[in-house]
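Beneath this line is the structure, given in C-alpha cells, with notes to follow.
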Amino acid sequence: MINNKFSKILFPITIAIAILAGLFIHKFFFSTTQVVHKPTDNITKIDQLLRKVAIDYVDPMDYDSIQELAIPDIIQNLDPHSSYIPARLKKEVDAPLQGAFDGIGIQFNMRNDTVMVIQPIAGGPSEKVGIMAGDRIVKVNDTLIAGVKMSTRKVMKRLKGKRGTKVTVSVRRPGADELIDFEIVRDKIPIYSVDVSYMIDDETGYIKVNKFSRNTYSEFMQAANKLKAKKMKNLVVDLRANGGGVMESAVRMADEFLQPGKMIVYTQGNNRPKQEYRSSRQAFLANIRVAVLVDEWSASASEIFAGALQDNDKGIIVGRRSFGKALVQEPFYFDDGSELRITVARYYTPTGRSIQKPYENGDEETYREDITRRYLNGEFSQVDSTQFADSLRYETPKGKIVYGGGGIMPDVFVPVDTTAGSDFLYAVRRKGLMYSFAYDYTDKNRTELNVFDQHEKLYQHLQNKNILNRFVAFAKKKGVTPKGDDLAVSGEVIRVQVAGLIIRNILSDDGFYPVIHQIDNTLSRAVEELENKK
C-alpha cells in the first residue's frame, strides 16, 4: 500500500525532471539562436580575411603580398604622421636619421641622363682613389648607366652597397680621350646635418642645421665651439626647411642655451604618462644672444627647439609661422625587418601649448594642403593674416604672449620677398636654368676656377666675367628672354644666385652660403635684431 502511494508520487516527479532536462538540453545544444564564435589563438578578423583570400581566391595570391597592401591602408586612416616602412625601404629611410650610409662617397647630379660628380666627399672612398668633380660616371661594374634613362634611385642602388665591398666605376673626364676605371671599396659615408657654420661679422656666428639626426648635437657643438673660439657673441641658428627628425638632438641643443632646471619640452599620450625634459647644467651657450630662423617647412624637432627657447624667453624667433607638428612617433619592428612608426603621444612646449595644427584621421590630403591655404590666405606676406583663437593663448615667464594650435609664430615676422620678382626670374627658376648654367660654366672653366680657395675672391672673379650677361645669353638659347624691366627688377638676385651656384660647385656649401646670404632678407633682419638686443 505504501509502495503503491510512493509510486504514484515518484512518477510525476520523474516526468518533471525529464521535462526540465529536455529543456536544458534543447537550450544549450539545439538552440536556433545565432552563436558568435570568438577568435581563438589570437587569430584576428583581419588575419582570417587575409588567410581566406590567400587560400580560396580565384587567382593565386601571396599571403605576404596581401599584408603589404593591407597595412598601409590601415595606417592611412590614422593621423598624418603614423607610417609603415617596408623592409626593402628601411635602410634608405633610416639613413638621414642615423647620419650615415654605406657607399662610395660622392655628391652627384643627373645631367643629360648622365651621372655628373659635383664633389667627392672629403676623406671618402671616391676621393681616395682619385674621383674628381666634373667626372661623368658612364659604367658601374661594366653596366652602362649613361644615356639609358636610368632613374636616380636605380643609380644610387648600384653605387651603394655594404661596407667593404668593391665596385668598379668607369668615368669620362674632360680632356681625357678614354674612359678611366676606378675600383672603389665602399665605406661608411657620413650624412651631415650641419650644412655650414661661419662668422657673418666680428660678433655674429651662423649655423645652418638641415635636419635632426643622431649626430646633429655633436655636429652643432663642434660648429659652436669653432665660432666661440672666434669671439662669437651672437648666433643665428637657421632651421628653415628643417623637417625635424630625432627629438633627443633638439632637446640637447636647446639645453645648451638654457639655465639649469628649465623645461624644454614634455610629452604625454593616452597610454603614455607625462614625461618632462629639463635643462641640465650644460648651458654652454647661455650667455650668447641667439636668433632662430624658421619658416613654413620647419617642423617637429625644429619646433621643439624654437618653442623651448621662445617659451623660456631666450633669444628671438625670426621668419614665418612653422609647420605645426607636435606628434611623437614610436617605432615598432616586425620580424621581416619592416617598421611601423605609430603616434603614441603629443609634445608640449614649456608653457603647456601644443603647436600641432588641426587634422582629421584619414584625411591626409587636406592636412598637406594647409601650406597652400596659408599662402592663398596671405600668411606669407602679411603678419595680420595669421589668426589664433584666444583659447590657445599662453604667456611666457616674462609676459610675452604666445599661441598654440598651429606651429610656432615668430617674434619677428619676415614676409616672402616678392620685390625682386619678375616673369624672367620665375621662368628661369621653373626650368632650372640657373643650375644648368652653373654646371655648364663650371665644367668648361674648372681649371681656371680651381685656383680659388676663398669665396670672396672667386665671387669677384665671376663678376669680372660679367656672369649675369653670360647667363642671360644662355637663357635666350633655352627660349627664355627677359622683357621690359625684368633685369632691372631681378638682375641682382639672379646674378648672386648664379654666382653662388658656381661657387658651390668649387667650394661646396662653405662658399655658397656666405654669397647667397647677400640677398637673404630674413637673415639680415635677424642680425639687425641681435644688434638691437645689445
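Lettering and numbering for the C-alpha cells are positional, with chains as A, B, ... in the shown order, residues counted from 1 in each chain, and ligands counted from 1 in the shown order.
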
12 Å contact set for A:Ser298, only C-alpha atoms, chain neighbours under 5 positions out, as a VMD selection string: chain A and resid 209 to 212 238 to 245 292 to 293 303 to 307 317 to 326 371 407 to 410

Residue contacts of A:Arg214 (7 Å, only C-alpha atoms) excluding same-chain residues fewer than 6 positions away, as a PyMOL selection string: chain A and resi 97-99+246+249

Same residues, C-alpha atoms, saved as an mmCIF file, in the first residue's frame:
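Result went into out_9.cif, see below:
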data_model
loop_
_atom_site.group_PDB
_atom_site.id
_atom_site.type_symbol
_atom_site.label_atom_id
_atom_site.label_comp_id
_atom_site.auth_asym_id
_atom_site.auth_seq_id
_atom_site.Cartn_x
_atom_site.Cartn_y
_atom_site.Cartn_z
ATOM 1 C CA LEU A 97 68.302 59.911 -39.156
ATOM 2 C CA GLN A 98 71.281 57.649 -38.464
ATOM 3 C CA GLY A 99 73.638 60.159 -40.046
ATOM 4 C CA VAL A 246 65.364 62.867 -33.709
ATOM 5 C CA SER A 249 69.081 66.015 -30.579
#

Tell me, as a list in words, which residues lie within 9 Å of A:Leu507, counting only C-alpha atoms; anything in the same chain fewer than 3 positions away does not count.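 Everything that qualifies: Asn450, Phe452, Asp453, Gln454, His455, Ile502, Ile503, Arg504, Asp510, Gly511 and Phe512 of chain A.
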
Neighbours of stretch 113-129 of chain A within 8 Å (only C-alpha atoms; same-chain residues fewer than 2 positions away dropped), as a count of residues only? 31

Residues of stretch 485-517 of chain A within 9 Å of stretch 458-469 of chain A: nearest atom pair and distance (Å, one decimal) for each, counting only C-alpha atoms, sorted by chain and number, as JSON lines?
{"residue": "A:Gly491", "atom": "CA", "partner": "A:Leu468", "partner_atom": "CA", "distance": 7.4}
{"residue": "A:Glu492", "atom": "CA", "partner": "A:Leu468", "partner_atom": "CA", "distance": 8.6}
{"residue": "A:Ile494", "atom": "CA", "partner": "A:Leu468", "partner_atom": "CA", "distance": 7.2}
{"residue": "A:Arg495", "atom": "CA", "partner": "A:Leu468", "partner_atom": "CA", "distance": 5.1}
{"residue": "A:Val496", "atom": "CA", "partner": "A:Leu468", "partner_atom": "CA", "distance": 8.7}
{"residue": "A:Val498", "atom": "CA", "partner": "A:Leu468", "partner_atom": "CA", "distance": 7.8}
{"residue": "A:Ala499", "atom": "CA", "partner": "A:Tyr459", "partner_atom": "CA", "distance": 6.6}
{"residue": "A:Gly500", "atom": "CA", "partner": "A:Tyr459", "partner_atom": "CA", "distance": 7.8}
{"residue": "A:Ile502", "atom": "CA", "partner": "A:Leu462", "partner_atom": "CA", "distance": 8.9}
{"residue": "A:Ile503", "atom": "CA", "partner": "A:Leu458", "partner_atom": "CA", "distance": 7.1}
{"residue": "A:Val515", "atom": "CA", "partner": "A:Tyr459", "partner_atom": "CA", "distance": 7.7}

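A straight line drawn from atom CA of A:Tyr367 to atom CA of A:Ser82 is 13.3 Å long.
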
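Taking the backbone of this structure through DSSP, the residues of stretch 94-208 of chain A that come out as alpha helix (DSSP H) are A:Asp94, A:Ala95, A:Pro96, A:Leu97, A:Gln98, A:Pro125, A:Ser126, A:Glu127, A:Lys128, A:Val129, A:Thr152, A:Arg153, A:Lys154, A:Val155, A:Met156, A:Lys157, A:Arg158, A:Leu159.
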
Using only C-alpha atoms, please write the residues we just selected to a file, as a compact mmCIF listing (two decimals), in the first residue's frame.
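Written output follows (selection-v4.txt):
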# COMPACT_ATOMS: atom_id res chain seq x y z
CA ASP A 94 66.76 55.41 -41.81
CA ALA A 95 69.97 56.78 -43.34
CA PRO A 96 69.23 60.51 -42.80
CA LEU A 97 68.30 59.91 -39.16
CA GLN A 98 71.28 57.65 -38.46
CA PRO A 125 86.48 56.25 -50.72
CA SER A 126 85.96 58.03 -54.07
CA GLU A 127 88.28 60.89 -53.19
CA LYS A 128 90.93 58.39 -52.04
CA VAL A 129 91.07 56.68 -55.43
CA THR A 152 68.38 58.38 -59.80
CA ARG A 153 67.19 55.70 -57.35
CA LYS A 154 68.49 52.90 -59.57
CA VAL A 155 71.80 54.67 -59.99
CA MET A 156 72.16 55.06 -56.22
CA LYS A 157 71.28 51.42 -55.71
CA ARG A 158 74.18 50.39 -57.95
CA LEU A 159 76.64 52.75 -56.28

Can you pull out every residue within 10 Å of A:Arg281, counting only C-alpha atoms, but drop anything in the same chain fewer than 5 positions away, and send it as a list of chain:residue names? A:Asp255, A:Glu256, A:Leu258, A:Gln259, A:Pro260, A:Gly261

Suppose we keep N, CA and C atoms; can you now write the selection as an mmCIF file, in the first residue's frame?
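File produced: again-v9.cif:
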data_model
loop_
_atom_site.group_PDB
_atom_site.id
_atom_site.type_symbol
_atom_site.label_atom_id
_atom_site.label_comp_id
_atom_site.auth_asym_id
_atom_site.auth_seq_id
_atom_site.Cartn_x
_atom_site.Cartn_y
_atom_site.Cartn_z
ATOM 1 N N ASP A 255 69.214 72.602 -24.602
ATOM 2 C CA ASP A 255 69.817 72.532 -23.270
ATOM 3 C C ASP A 255 71.007 73.478 -23.148
ATOM 4 N N GLU A 256 71.764 73.631 -24.237
ATOM 5 C CA GLU A 256 72.982 74.440 -24.198
ATOM 6 C C GLU A 256 72.700 75.939 -24.049
ATOM 7 N N LEU A 258 69.996 77.204 -22.171
ATOM 8 C CA LEU A 258 69.131 77.479 -21.023
ATOM 9 C C LEU A 258 69.838 77.236 -19.701
ATOM 10 N N GLN A 259 69.435 78.001 -18.718
ATOM 11 C CA GLN A 259 69.944 77.789 -17.365
ATOM 12 C C GLN A 259 69.389 76.470 -16.825
ATOM 13 N N PRO A 260 70.081 75.838 -15.856
ATOM 14 C CA PRO A 260 69.653 74.531 -15.347
ATOM 15 C C PRO A 260 68.228 74.525 -14.802
ATOM 16 N N GLY A 261 67.533 73.405 -15.040
ATOM 17 C CA GLY A 261 66.215 73.207 -14.466
ATOM 18 C C GLY A 261 65.052 73.735 -15.274
#

Just the residues within 9 Å of A:Asp313, please, counting only C-alpha atoms, with nothing from its chain fewer than 3 positions along; format it as a PyMOL selection string. chain A and resi 308-310+316+396-398+400

Shell of 6 Å around A:Ile288, only C-alpha atoms, local chain residues under 2 positions omitted, as a PDB file with N, CA and C atoms, in the first residue's frame:
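Saved file around_37.pdb follows:
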ATOM      1  N   LYS A 233      79.590  86.491 -30.101  1.00  0.00           N
ATOM      2  CA  LYS A 233      78.697  86.978 -29.051  1.00  0.00           C
ATOM      3  C   LYS A 233      77.229  86.767 -29.427  1.00  0.00           C
ATOM      4  N   ASN A 234      76.955  86.740 -30.738  1.00  0.00           N
ATOM      5  CA  ASN A 234      75.602  86.496 -31.252  1.00  0.00           C
ATOM      6  C   ASN A 234      75.630  85.235 -32.117  1.00  0.00           C
ATOM      7  N   LEU A 285      76.015  77.810 -24.105  1.00  0.00           N
ATOM      8  CA  LEU A 285      75.697  78.992 -24.917  1.00  0.00           C
ATOM      9  C   LEU A 285      74.700  79.913 -24.227  1.00  0.00           C
ATOM     10  N   ALA A 286      74.573  79.791 -22.905  1.00  0.00           N
ATOM     11  CA  ALA A 286      73.571  80.571 -22.179  1.00  0.00           C
ATOM     12  C   ALA A 286      73.819  82.072 -22.257  1.00  0.00           C
TER      13      ALA A 286
END

Distance criterion (only C-alpha atoms): nearest to A:Ser436 out of A:Thr386, A:Asn112, A:Thr349, A:Asn377: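 Using only C-alpha atoms, the shortest distance to A:Ser436 belongs to A:Asn112.
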
Could you tell me which of A:Arg172, A:Lys533, A:Lys476, A:Arg346 comes closest to A:Pro273 if we count only C-alpha atoms?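 Ranked by minimum distance to A:Pro273, first place goes to A:Arg346.
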